[in-house]
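Q: Just passing along the structure, written as structure tokens.
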Amino acid sequence: MVLAACRASPIPETQRYPAGTPFRAQYRTVDGTRLRLIDTGNGTPVVFIHGIGASLYGWRSQLAPVVAAGYRVVAFDNRGFGFSDKPAHGYTNAAYTHLVVSLLDSLGIASAVLVGHSMGGAIAADVALAHPDRVRGMVLIDAAGYGIRWPGVLKMARWPFLGAIATTFRGRWITGRIVRSTFADPDKVTEADVDQYYAPVPDPDYGRALRGVLREFRFDTLGGGRLSAVQTPTLILWGDDDRWIALRDGTRFARELPRSEFVVVSRTGHDAPEESPDQVNRLLLDFLKEGLTRIPENVAWSSPSLRSWRSNNP
């Protein structure tokens with residue numbers, strides 16, 4: 001009875017993103033996984049990789065502006081999330097890296113700009129490390145790689161025995177709590193947003209997949225100077241009120257990536273693409289069109305006042 005009370009009916013398929021937009025989702029089997037994706041536009045490919053518990057809905061504010069600017073856009077529900085397959089295993093860092101490269105191969109993309117948020121940022125960085133020829137640029141937004149501060153329910157879901165119990169409590173209310181924790185201003189999260197995030201949660205395989213990700217994926221593998229080998233131009237965006245991944249991790253990315261620029265997004269939590277889309281879109285499009293700003297080495301991360309300058313000035 002308690003479990004039933006925690007559940008709600010998900011919105012019908014006809015209301016799930018990208019319904020009501022110019023985009024159409026398609027399914028493609030890649031590396032043994034049936035992925036739901038959007039592939040639209042022409043020009044340099046820009047591939048969006050979402051974070052844990054999210055889906056291509058998380059990029060809804062970026063897709064149209066990037067297509068309009070003359071780029072090919074690919075966004076997908078990663079393995080275990082959204083409406084893509086949710087197998088029991090296949091959630092290691094290496095497995096996700098292989099999946100992204102296989103997706104590029106499947107779509108005939110020789111190289112792309114990878115835009116990764118949170119867990120998706122860690123995956124993008126792993127692809128750049130393992131396959132530098134496939135990544136022409138990166139945008140890392142509140143990226144994982146040096147660890148993460150889990151909210152309570154996800155922290156419990158990582159425990160060996162309690163995880164199976166914790167992931168049975170997948171109600172809409174809990175989904176809303178987690179989504180709102182990624183915003184500096186939780187009131188910006190609408191009921192429609194919660195509906196979209198909750199839509200795949202009642203899937204019988206969702207809990208198993210979430211436990212698989214939390215057991216198999218490492219959120220702290222980018223230390224030890226590994227990123228110093230990456231020569232890919234990289235824009236690093238970070239919410240100044242990120243409670244999931246500390247701002248100091250963003251500065252660490254900037255120190256260790258030799259060709260990078262670090263920009264703080266003001267009045268923003270962990271989910272900058274959704275909470276502050278105007279700021280993120282302007283910075284993203286500037287990077288796609290012009291590359292990195294010509295600034296003195298280390299200025300972007302050494303001075304708090306300069307770090308925030310570009311996020312507050314067009």
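Every chain in the structure tokens has a letter given in the order shown (A, B, ...), and although residue numbers restart at 1 in each chain, ligands are simply numbered from 1 in the order shown.
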With a distance cut-off of 9 Å and only C-alpha atoms, select the neighbouring residues of region 271-282 of chain A, excluding the residue or stretch itself and same-chain residues fewer than 4 positions from it, and output the selection as a count of residues only.
A: 30
Q: Sorted by chain and rising residue number, list the residues of region 224-260 of chain A at most 10 Å from region 105-113 of chain A (counting only C-alpha atoms), each with its closest atom pair and distance in Å to one decimal, as a tab-separated table.
A:
residue	atom	partner	partner_atom	distance
A:Thr232	CA	A:Val113	CA	9.6
A:Pro233	CA	A:Val113	CA	9.6
A:Thr234	CA	A:Val113	CA	9.5
Q: Limited to N, CA and C atoms, could you put the picked residues into a file as an mmCIF file, in the first residue's frame?
A:
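The result, stored in again17.cif:
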data_model
loop_
_atom_site.group_PDB
_atom_site.id
_atom_site.type_symbol
_atom_site.label_atom_id
_atom_site.label_comp_id
_atom_site.auth_asym_id
_atom_site.auth_seq_id
_atom_site.Cartn_x
_atom_site.Cartn_y
_atom_site.Cartn_z
ATOM 1 N N THR A 232 41.847 18.732 -26.560
ATOM 2 C CA THR A 232 40.583 19.197 -27.125
ATOM 3 C C THR A 232 40.188 20.542 -26.516
ATOM 4 N N PRO A 233 39.863 21.556 -27.327
ATOM 5 C CA PRO A 233 39.360 22.815 -26.761
ATOM 6 C C PRO A 233 38.096 22.552 -25.939
ATOM 7 N N THR A 234 38.075 23.054 -24.721
ATOM 8 C CA THR A 234 36.993 22.717 -23.791
ATOM 9 C C THR A 234 36.475 23.953 -23.082
#
Q: Would you tabulate, counting only C-alpha atoms, all residues of region 38-118 of chain A that have an atom at most 8 Å from an atom of region 19-27 of chain A, showing the closest pair of atoms and their distance in Å to one decimal, sorted by chain then ascending number, as JSON lines?
A:
{"residue": "A:Ile38", "atom": "CA", "partner": "A:Ala25", "partner_atom": "CA", "distance": 5.0}
{"residue": "A:Asp39", "atom": "CA", "partner": "A:Ala25", "partner_atom": "CA", "distance": 7.9}
{"residue": "A:Thr40", "atom": "CA", "partner": "A:Phe23", "partner_atom": "CA", "distance": 7.6}
Q: What's the 9 Å shell around Leu63 (chain A), counting only C-alpha atoms, without same-chain residues fewer than 6 positions away, as a list in words?
A: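 So the residues in contact are Phe48, Val73, Val74 and Ala75 of chain A.
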Q: Based on the selection just made, write N, CA and C atoms of those residues as a PDB file, in the first residue's frame.
A:
ATOM      1  N   PHE A  48      24.782  15.879 -27.510  1.00  0.00           N
ATOM      2  CA  PHE A  48      24.441  16.221 -26.129  1.00  0.00           C
ATOM      3  C   PHE A  48      24.300  14.943 -25.300  1.00  0.00           C
ATOM      4  N   VAL A  73      22.413  18.439 -34.698  1.00  0.00           N
ATOM      5  CA  VAL A  73      22.215  18.173 -33.275  1.00  0.00           C
ATOM      6  C   VAL A  73      21.826  16.715 -33.071  1.00  0.00           C
ATOM      7  N   VAL A  74      22.492  16.073 -32.143  1.00  0.00           N
ATOM      8  CA  VAL A  74      22.149  14.717 -31.721  1.00  0.00           C
ATOM      9  C   VAL A  74      21.987  14.734 -30.201  1.00  0.00           C
ATOM     10  N   ALA A  75      20.826  14.329 -29.717  1.00  0.00           N
ATOM     11  CA  ALA A  75      20.586  14.173 -28.284  1.00  0.00           C
ATOM     12  C   ALA A  75      19.910  12.830 -28.084  1.00  0.00           C
TER      13      ALA A  75
END
Q: Which one of A:Val135, A:Ala144, A:Thr175, A:Ala95 sits closest to Leu247 (chain A) if you count only C-alpha atoms?
A: A:Ala144
Q: Taking 2 positions as the minimum chain separation for residues in the same chain, which residues sit within 10 Å of Ser55 (chain A) when counting only C-alpha atoms? Answer as a list in words.
A: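 Near Ser55 (chain A), the qualifying residues are Tyr17, Arg36, Leu37, Ile49, His50, Gly51, Ile52, Gly53, Tyr57, Gly58, Trp59, Arg60, Ala75, Phe76, Asp77, Asn78, Arg79, Gly80, Phe81, Gly82, Phe83, Ser84, Gln196, Tyr197 and Pro200 of chain A.
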Q: Record the distance separating CA of Glu13 (chain A) and CA of Ser102 (chain A), expressed in Å with one decimal.
A: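 Taking CA of Glu13 (chain A) and CA of Ser102 (chain A), their separation equals 27.5 Å.
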Q: Could you tell me how far CA of Tyr71 (chain A) sits from CA of Thr44 (chain A), in Å to one decimal place?
A: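 Between CA of Thr44 (chain A) and CA of Tyr71 (chain A) the gap is 5.2 Å.
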Q: My list of candidates is A:Leu103, A:Val213, A:Val230, A:Ala68. Which is closest to Ala128 (chain A) when distances are computed with only C-alpha atoms?
A: A:Val230
Q: Among region 132-279 of chain A, which residues carry a DSSP assignment of strand (DSSP E), reported as JSON, numbers by chain?
A: {"A": [135, 136, 137, 138, 139, 140, 141, 234, 235, 236, 237, 238, 239, 260, 261, 262, 263, 264, 265]}
Q: Kindly save the residues from that selection, with N, CA and C atoms included, as an mmCIF file, in the first residue's frame.
A:
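Printed below is selection_8.cif as written:
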data_model
loop_
_atom_site.group_PDB
_atom_site.id
_atom_site.type_symbol
_atom_site.label_atom_id
_atom_site.label_comp_id
_atom_site.auth_asym_id
_atom_site.auth_seq_id
_atom_site.Cartn_x
_atom_site.Cartn_y
_atom_site.Cartn_z
ATOM 1 N N VAL A 135 36.666 13.727 -31.113
ATOM 2 C CA VAL A 135 36.121 14.853 -30.355
ATOM 3 C C VAL A 135 36.803 16.138 -30.805
ATOM 4 N N ARG A 136 36.078 16.994 -31.514
ATOM 5 C CA ARG A 136 36.665 18.252 -32.005
ATOM 6 C C ARG A 136 36.521 19.383 -30.998
ATOM 7 N N GLY A 137 35.681 19.190 -29.995
ATOM 8 C CA GLY A 137 35.512 20.183 -28.951
ATOM 9 C C GLY A 137 34.642 19.601 -27.855
ATOM 10 N N MET A 138 34.740 20.180 -26.648
ATOM 11 C CA MET A 138 33.917 19.713 -25.535
ATOM 12 C C MET A 138 33.332 20.906 -24.789
ATOM 13 N N VAL A 139 32.117 20.699 -24.291
ATOM 14 C CA VAL A 139 31.521 21.620 -23.330
ATOM 15 C C VAL A 139 31.131 20.777 -22.128
ATOM 16 N N LEU A 140 31.764 21.037 -20.990
ATOM 17 C CA LEU A 140 31.509 20.300 -19.761
ATOM 18 C C LEU A 140 30.715 21.192 -18.825
ATOM 19 N N ILE A 141 29.519 20.760 -18.453
ATOM 20 C CA ILE A 141 28.634 21.570 -17.630
ATOM 21 C C ILE A 141 28.404 20.864 -16.298
ATOM 22 N N THR A 234 38.075 23.054 -24.721
ATOM 23 C CA THR A 234 36.993 22.717 -23.791
ATOM 24 C C THR A 234 36.475 23.953 -23.082
ATOM 25 N N LEU A 235 35.164 24.135 -23.151
ATOM 26 C CA LEU A 235 34.484 25.170 -22.380
ATOM 27 C C LEU A 235 33.886 24.506 -21.148
ATOM 28 N N ILE A 236 34.182 25.051 -19.966
ATOM 29 C CA ILE A 236 33.694 24.501 -18.714
ATOM 30 C C ILE A 236 32.720 25.504 -18.102
ATOM 31 N N LEU A 237 31.473 25.081 -17.910
ATOM 32 C CA LEU A 237 30.444 25.940 -17.330
ATOM 33 C C LEU A 237 30.023 25.362 -15.978
ATOM 34 N N TRP A 238 29.851 26.247 -14.987
ATOM 35 C CA TRP A 238 29.540 25.759 -13.639
ATOM 36 C C TRP A 238 28.561 26.690 -12.948
ATOM 37 N N GLY A 239 27.511 26.133 -12.377
ATOM 38 C CA GLY A 239 26.588 26.916 -11.584
ATOM 39 C C GLY A 239 27.233 27.365 -10.285
ATOM 40 N N SER A 260 41.440 25.101 -22.089
ATOM 41 C CA SER A 260 40.100 25.216 -21.518
ATOM 42 C C SER A 260 39.823 26.626 -21.048
ATOM 43 N N GLU A 261 38.549 26.901 -20.891
ATOM 44 C CA GLU A 261 38.082 28.159 -20.331
ATOM 45 C C GLU A 261 36.984 27.841 -19.324
ATOM 46 N N PHE A 262 37.048 28.446 -18.155
ATOM 47 C CA PHE A 262 36.113 28.179 -17.074
ATOM 48 C C PHE A 262 35.231 29.389 -16.849
ATOM 49 N N VAL A 263 33.904 29.176 -16.880
ATOM 50 C CA VAL A 263 32.957 30.269 -16.705
ATOM 51 C C VAL A 263 31.914 29.870 -15.666
ATOM 52 N N VAL A 264 31.727 30.734 -14.688
ATOM 53 C CA VAL A 264 30.706 30.521 -13.674
ATOM 54 C C VAL A 264 29.382 31.094 -14.176
ATOM 55 N N VAL A 265 28.324 30.299 -14.072
ATOM 56 C CA VAL A 265 26.982 30.732 -14.465
ATOM 57 C C VAL A 265 26.269 31.208 -13.199
#
Q: Given only C-alpha atoms as the basis, pick out the residue of A:Asp126, A:Glu191, A:Arg28, A:Gly171 nearest to Asp203 (chain A).
A: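 The closest residue to Asp203 (chain A) is A:Gly171.
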Q: Would you return as a PyMOL selection string the members of region 36-117 of chain A that DSSP assigns to helix (DSSP H, G or I) on this structure's backbone?
A: chain A and resi 56-68+93-106
Q: Kindly export the residues of the current selection with C-alpha atoms, as a tab-separated table (two decimals), in the first residue's frame.
A:
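To be explicit, this is the file written out as result-v3.tsv:
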chain	number	residue	atom	x	y	z
A	56	LEU	CA	17.13	14.20	-23.85
A	57	TYR	CA	14.41	16.39	-22.28
A	58	GLY	CA	17.18	18.02	-20.24
A	59	TRP	CA	18.48	19.66	-23.44
A	60	ARG	CA	15.13	21.02	-24.63
A	61	SER	CA	16.29	24.65	-24.33
A	62	GLN	CA	19.51	24.09	-26.27
A	63	LEU	CA	18.46	22.00	-29.26
A	64	ALA	CA	16.49	24.54	-31.31
A	65	PRO	CA	19.01	27.42	-30.92
A	66	VAL	CA	21.93	25.17	-31.90
A	67	VAL	CA	20.06	23.83	-34.95
A	68	ALA	CA	19.08	27.39	-35.92
A	93	ASN	CA	32.71	4.14	-17.75
A	94	ALA	CA	34.28	2.09	-20.52
A	95	ALA	CA	30.89	0.77	-21.62
A	96	TYR	CA	29.43	4.28	-21.89
A	97	THR	CA	32.52	5.50	-23.76
A	98	HIS	CA	32.14	2.65	-26.23
A	99	LEU	CA	28.43	3.39	-26.61
A	100	VAL	CA	29.05	7.04	-27.54
A	101	VAL	CA	31.70	6.12	-30.11
A	102	SER	CA	29.41	3.41	-31.52
A	103	LEU	CA	26.63	5.98	-31.80
A	104	LEU	CA	28.92	8.29	-33.76
A	105	ASP	CA	29.80	5.38	-36.05
A	106	SER	CA	26.14	4.46	-36.49
Q: Work out how far apart CA of Val46 (chain A) and CA of Leu283 (chain A) are and give it in Å to one decimal.
A: 14.4 Å
Q: Restricting the calculation to only C-alpha atoms, which member of A:Leu288, A:Val201, A:Ala254, A:Ala143 is positioned closest to Ser228 (chain A)?
A: A:Ala254
